[in-house]
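Enquirer: Handing over protein17.txt, compact mmCIF, C-alpha atoms.
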# COMPACT_ATOMS: atom_id res chain seq x y z
CA ARG A 26 -125.96 71.48 164.59
CA GLU A 27 -126.10 69.44 167.79
CA VAL A 28 -122.58 68.11 167.20
CA VAL A 29 -121.23 71.66 166.92
CA ALA A 30 -123.23 72.81 169.94
CA ARG A 31 -121.78 70.04 172.11
CA ALA A 32 -118.25 70.81 170.94
CA ALA A 33 -118.72 74.52 171.63
CA ALA A 34 -120.04 73.81 175.12
CA ALA A 35 -117.13 71.49 175.92
CA ALA A 36 -114.57 74.01 174.68
CA GLY A 37 -116.34 76.82 176.52
CA ARG A 38 -115.89 75.06 179.85
CA THR A 39 -112.11 75.25 179.44
CA THR A 40 -111.66 78.95 178.62
CA GLY A 41 -110.85 79.96 182.19
CA ALA A 42 -108.12 77.38 182.54
CA MET A 43 -106.64 78.23 179.15
CA ALA A 44 -106.61 81.97 179.83
CA ALA A 45 -104.84 81.35 183.14
CA ALA A 46 -102.25 78.94 181.72
CA THR A 47 -98.64 79.77 182.54
CA GLU A 48 -95.92 80.13 179.93
CA GLY A 49 -94.45 76.90 181.25
CA GLN A 50 -97.71 75.04 180.71
CA ILE A 51 -98.11 76.38 177.19
CA GLY A 52 -94.56 75.36 176.30
CA ASP A 53 -94.95 71.95 177.91
CA ALA A 54 -98.22 71.32 176.05
CA LEU A 55 -96.70 72.17 172.68
CA GLU A 56 -93.60 70.07 173.36
CA ALA A 57 -95.78 67.13 174.46
CA ILE A 58 -97.83 67.44 171.26
CA ALA A 59 -94.69 67.46 169.14
CA SER A 60 -93.35 64.40 170.97
CA ALA A 61 -96.64 62.55 170.59
CA LEU A 62 -96.59 63.16 166.84
CA GLY A 63 -93.50 60.97 166.89
CA THR A 64 -94.45 58.28 169.38
CA GLU A 65 -97.98 57.99 168.00
CA ALA A 66 -96.91 58.17 164.37
CA PRO A 67 -97.93 54.58 163.48
CA ALA A 68 -101.53 55.11 164.61
CA ILE A 69 -101.76 58.58 163.05
CA LEU A 70 -100.33 57.40 159.73
CA ALA A 71 -102.65 54.37 159.70
CA ALA A 72 -105.67 56.65 160.09
CA ASN A 73 -104.33 58.92 157.38
CA GLU A 74 -103.85 55.97 155.04
CA GLU A 75 -107.53 55.12 155.50
CA ASP A 76 -108.42 58.67 154.41
CA VAL A 77 -106.11 58.44 151.41
CA THR A 78 -107.50 55.05 150.36
CA ALA A 79 -111.06 56.36 150.63
CA GLY A 80 -110.11 59.39 148.54
CA GLU A 81 -108.50 57.49 145.68
CA GLY A 82 -110.59 57.79 142.56
CA VAL A 83 -112.65 60.53 144.22
CA LEU A 84 -110.21 63.35 144.91
CA SER A 85 -107.93 65.02 142.39
CA LYS A 86 -104.24 64.15 142.39
CA GLY A 87 -103.41 67.49 144.01
CA ARG A 88 -105.97 67.14 146.78
CA LEU A 89 -104.88 63.57 147.40
CA ASP A 90 -101.27 64.69 147.77
CA ARG A 91 -102.26 67.39 150.27
CA LEU A 92 -104.24 64.80 152.21
CA ARG A 93 -101.34 62.33 152.48
CA LEU A 94 -99.09 62.67 155.53
CA GLY A 95 -96.22 60.19 155.48
CA SER A 96 -93.43 59.97 158.04
CA ALA A 97 -91.39 62.88 156.69
CA ARG A 98 -94.35 65.26 156.65
CA LEU A 99 -95.38 64.24 160.14
CA GLU A 100 -91.84 64.89 161.39
CA GLY A 101 -91.94 68.30 159.70
CA ILE A 102 -95.21 69.13 161.46
CA ALA A 103 -93.66 68.19 164.81
CA ASP A 104 -90.69 70.47 164.07
CA GLN A 105 -93.08 73.34 163.33
CA VAL A 106 -94.83 72.80 166.67
CA ARG A 107 -91.49 72.96 168.46
CA SER A 108 -90.65 76.18 166.62
CA LEU A 109 -93.95 77.65 167.75
CA ALA A 110 -93.19 76.66 171.34
CA GLU A 111 -89.88 78.54 171.14
CA LEU A 112 -91.47 81.83 170.05
CA PRO A 113 -91.58 84.52 172.75
CA PRO A 114 -94.86 84.90 174.66
CA LEU A 115 -97.48 87.26 173.29
CA GLU A 116 -97.35 90.65 174.98
CA ARG A 117 -100.50 91.18 177.01
CA HIS A 118 -99.83 94.82 177.91
CA VAL A 119 -99.67 96.69 174.62
CA GLY A 120 -99.42 100.31 175.74
CA ARG A 121 -100.52 103.08 178.08
CA ARG A 122 -101.31 106.70 177.40
CA THR A 123 -102.91 109.70 179.07
CA LEU A 124 -106.01 111.18 177.48
CA ALA A 125 -106.64 114.93 177.23
CA ASN A 126 -108.97 114.76 180.24
CA GLY A 127 -106.28 113.19 182.38
CA LEU A 128 -107.60 109.62 182.32
CA GLU A 129 -105.03 106.85 181.97
CA LEU A 130 -105.83 104.44 179.12
CA GLU A 131 -104.12 101.05 179.10
CA GLU A 132 -104.48 98.61 176.23
CA ARG A 133 -104.31 94.89 176.95
CA ARG A 134 -104.64 91.77 174.84
CA VAL A 135 -106.84 89.00 176.20
CA PRO A 136 -107.85 85.62 174.72
CA VAL A 137 -111.06 85.53 172.70
CA GLY A 138 -112.25 82.41 174.53
CA VAL A 139 -113.46 79.92 171.92
CA ILE A 140 -112.39 80.33 168.30
CA GLY A 141 -113.80 78.24 165.49
CA ALA A 142 -111.99 77.19 162.32
CA ASN A 143 -113.30 75.75 159.06
CA TYR A 144 -110.67 74.50 156.63
CA GLU A 145 -109.93 72.13 153.79
CA ALA A 146 -109.00 68.45 154.04
CA ARG A 147 -105.36 68.92 155.03
CA PRO A 148 -104.24 67.11 158.21
CA ASN A 149 -101.35 69.50 158.89
CA VAL A 150 -103.82 72.39 159.24
CA THR A 151 -105.52 70.60 162.14
CA VAL A 152 -102.23 70.76 164.04
CA ASP A 153 -101.52 74.32 162.86
CA PHE A 154 -104.80 75.67 164.17
CA ALA A 155 -104.80 73.66 167.38
CA THR A 156 -101.29 74.66 168.41
CA GLN A 157 -101.73 78.33 167.52
CA LEU A 158 -104.90 78.44 169.59
CA ILE A 159 -103.04 76.86 172.49
CA LYS A 160 -100.15 79.33 172.11
CA SER A 161 -102.63 82.23 172.35
CA ARG A 162 -104.46 80.60 175.32
CA ASN A 163 -107.70 80.08 173.42
CA ALA A 164 -109.97 77.07 173.20
CA GLY A 165 -111.21 75.99 169.80
CA VAL A 166 -113.74 74.13 167.69
CA LEU A 167 -112.20 72.77 164.48
CA ARG A 168 -114.00 71.54 161.40
CA THR A 169 -112.09 70.00 158.52
CA GLY A 170 -113.17 68.53 155.21
CA GLY A 171 -114.70 65.08 155.50
CA ALA A 172 -111.89 63.54 153.45
CA SER A 173 -109.41 64.08 156.31
CA LEU A 174 -111.70 63.39 159.26
CA ARG A 175 -110.00 60.12 160.32
CA SER A 176 -106.62 61.84 160.27
CA ALA A 177 -107.92 64.78 162.29
CA GLU A 178 -109.47 62.47 164.88
CA ALA A 179 -106.18 60.58 165.29
CA LEU A 180 -104.21 63.81 165.62
CA LEU A 181 -106.58 65.14 168.26
CA ASP A 182 -106.97 61.90 170.23
CA ARG A 183 -103.35 60.75 170.00
CA ALA A 184 -101.39 64.01 170.21
CA ILE A 185 -103.27 67.25 170.82
CA GLY A 186 -105.58 66.20 173.65
CA PRO A 187 -102.95 64.13 175.49
CA GLY A 188 -100.41 66.94 175.03
CA LEU A 189 -102.70 69.40 176.77
CA ALA A 190 -103.37 66.94 179.58
CA ALA A 191 -99.65 66.29 180.05
CA ALA A 192 -99.16 69.99 180.76
CA GLY A 193 -101.99 70.11 183.28
CA LEU A 194 -104.38 71.82 180.86
CA PRO A 195 -107.86 70.57 179.89
CA SER A 196 -107.66 68.11 177.01
CA GLU A 197 -111.15 69.23 175.93
CA ALA A 198 -109.90 72.73 175.06
CA ILE A 199 -109.49 71.80 171.39
CA GLN A 200 -112.63 70.21 169.99
CA LEU A 201 -113.17 68.57 166.61
CA VAL A 202 -116.49 68.51 164.78
CA ARG A 203 -116.69 64.77 164.24
CA THR A 204 -119.01 64.59 161.29
CA PRO A 205 -118.42 64.94 157.55
CA ASP A 206 -121.80 66.66 157.17
CA ARG A 207 -121.25 69.97 155.38
CA GLU A 208 -124.12 71.52 157.29
CA ALA A 209 -121.81 71.47 160.31
CA ALA A 210 -119.86 74.27 158.64
CA ARG A 211 -122.95 76.46 158.64
CA ALA A 212 -123.66 75.53 162.23
CA LEU A 213 -120.13 76.56 163.18
CA VAL A 214 -120.85 80.19 162.23
CA SER A 215 -124.23 80.36 163.97
CA PHE A 216 -123.28 80.45 167.67
CA PRO A 217 -122.23 84.05 168.38
CA LYS A 218 -122.10 83.67 172.16
CA GLU A 219 -120.34 80.30 172.23
CA ILE A 220 -118.03 80.81 169.19
CA PRO A 221 -117.77 84.56 168.56
CA LEU A 222 -114.94 84.29 166.03
CA VAL A 223 -114.45 81.74 163.24
CA ILE A 224 -111.44 81.49 160.95
CA LEU A 225 -112.49 80.57 157.42
CA ARG A 226 -109.63 79.10 155.42
CA GLY A 227 -109.98 78.46 151.74
CA SER A 228 -111.36 80.15 148.67
CA GLY A 229 -114.46 79.84 146.57
CA GLU A 230 -118.16 80.30 147.03
CA MET A 231 -118.43 78.02 150.07
CA THR A 232 -116.11 80.22 152.12
CA ALA A 233 -117.82 83.40 150.91
CA SER A 234 -121.21 81.90 151.73
CA LEU A 235 -120.08 81.00 155.25
CA ALA A 236 -118.80 84.55 155.77
CA ARG A 237 -122.17 85.98 154.74
CA GLU A 238 -124.04 83.59 157.00
CA ALA A 239 -121.72 84.36 159.93
CA ALA A 240 -122.44 88.07 159.51
CA GLN A 241 -126.17 87.39 159.73
CA HIS A 242 -125.63 85.67 163.09
CA GLY A 243 -123.23 88.28 164.43
CA VAL A 244 -120.21 85.97 164.27
CA ARG A 245 -116.93 87.58 163.22
CA THR A 246 -114.77 85.88 160.61
The structure given in the file should be rewritten as structure tokens.
Expert:
Amino acid sequence: REVVARAAAAAGRTTGAMAAATEGQIGDALEAIASALGTEAPAILAANEEDVTAGEGVLSKGRLDRLRLGSARLEGIADQVRSLAELPPLERHVGRRTLANGLELEERRVPVGVIGANYEARPNVTVDFATQLIKSRNAGVLRTGGASLRSAEALLDRAIGPGLAAAGLPSEAIQLVRTPDREAARALVSFPKEIPLVILRGSGEMTASLAREAAQHGVRT
């Protein structure tokens, strides 16, 4: 729980800067992340190979394949980040209408602030979540399955954090829960003020259980 609390606090301190980020900064951050996935590929792939080696004989063949990166997959992830960077900016002003009493009602979209994510041991999802949060000007707290923790740490430390910093944005905006302890998943859905929204990816009883627990704490999923 303390690990999640520290990550939430660190991410929370960056929400103002992320919400105020310019389109240029967002694009530069995503491009820098994509570039780092190439220049830092040896270190990222080495960390991933450690995860794969540790998972051999423990994980099923399918889960092991999803865990493995490889050069081609890493290049594909970088291409996806560049595609995200090229998407048009999200419209902040959605609409305006006049109510029957004459009041003008304007609808706007604003960042949530800090969004949590709990997902399976797939390294590509770490990049997916991180870059989509950056694109929407949100900070985040990510928790992946313990089998891909080394890969996630390398991706965050070698590409995502430095990419944010290169664009003049806080590198601490995307946090990783750096423990394989499954109780961290329950902690992630128990901080309604710090992490009001958590994305739960996956199926099965664990995900359903986390959704029920989040509801008890007033955290949306």
Enquirer: When you count all atoms listed in the file, which of these residues is closest to Ala79 in chain A: A:Thr246, A:Thr204, A:Ser228, A:Ser173?
Expert: A:Ser173
Enquirer: Could you tell me which of A:Gly188, A:Gly227, A:Gly193, A:Gly165 comes closest to Tyr144 in chain A if we count all atoms listed in the file?
Expert: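 The closest residue to Tyr144 in chain A is A:Gly227.
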Enquirer: A:Ala35, A:Leu235, A:Val28, A:Arg183: which is nearest Pro205 in chain A, counting only C-alpha atoms?
Expert: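 Using only C-alpha atoms, Pro205 in chain A sits closest to A:Val28.
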Enquirer: Take the point (-105.6, 60.1, 158.2) as written in the file and pick out every residue within 12 Å of it, counting all atoms listed in the file; give the list as a ChimeraX atom specification.
Expert: /A:66-80,89,91-95,99,146-149,151,169-181
Enquirer: Compile the contact shell of Asp104 in chain A as a PyMOL selection string: residues with an atom at most 8 Å away, counting all atoms listed in the file, same-chain residues fewer than 4 positions apart removed.
Expert: chain A and resi 59+100+108
Enquirer: I'd like to know which of A:Arg133, A:Arg88, A:Arg121, A:Lys160 is closest to Arg107 in chain A, using only C-alpha atoms.
Expert: A:Lys160
Enquirer: Quick one: residues within 8 Å of Pro217 in chain A, only C-alpha atoms counted, chain neighbours fewer than 5 positions away excluded, as a PyMOL selection string?
Expert: chain A and resi 222+242-244
Enquirer: Measure the distance from CA of Val139 in chain A to CA of Thr64 in chain A in Å and round it to one decimal.
Expert: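 So the two atoms, CA of Val139 in chain A and CA of Thr64 in chain A, lie 28.9 Å apart.
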Enquirer: Calculate how many Å separate CA of Ile220 in chain A from CA of Gly141 in chain A, rounding to one decimal.
Expert: 6.2 Å
Enquirer: For CA of Ser60 in chain A and CA of Ala155 in chain A, determine how far apart the two atoms are, in Å to one decimal place.
Expert: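 Separating CA of Ser60 in chain A from CA of Ala155 in chain A is a distance of 15.2 Å.
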Enquirer: Choose the residue, out of A:Leu62, A:Arg98, A:His118, A:Phe216, that has the smallest atom-to-atom separation from Leu130 in chain A; count all atoms listed in the file.
Expert: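 Among A:Leu62, A:Arg98, A:His118, A:Phe216, it is A:His118 that comes nearest to Leu130 in chain A.
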Enquirer: Which one is closest to Pro195 in chain A: A:Arg134, A:Arg117, A:Ile159, A:Leu124? Count all atoms listed in the file.
Expert: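 Selected residue with least distance to Pro195 in chain A: A:Ile159.
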Enquirer: Would you kindly return, as a PyMOL selection string, each protein, DNA or RNA residue with an atom no farther than 10 Å from any atom of Gln50 in chain A, considering all atoms listed in the file and excluding same-chain residues fewer than 6 positions away?
Expert: chain A and resi 43+56+159-160+189-194
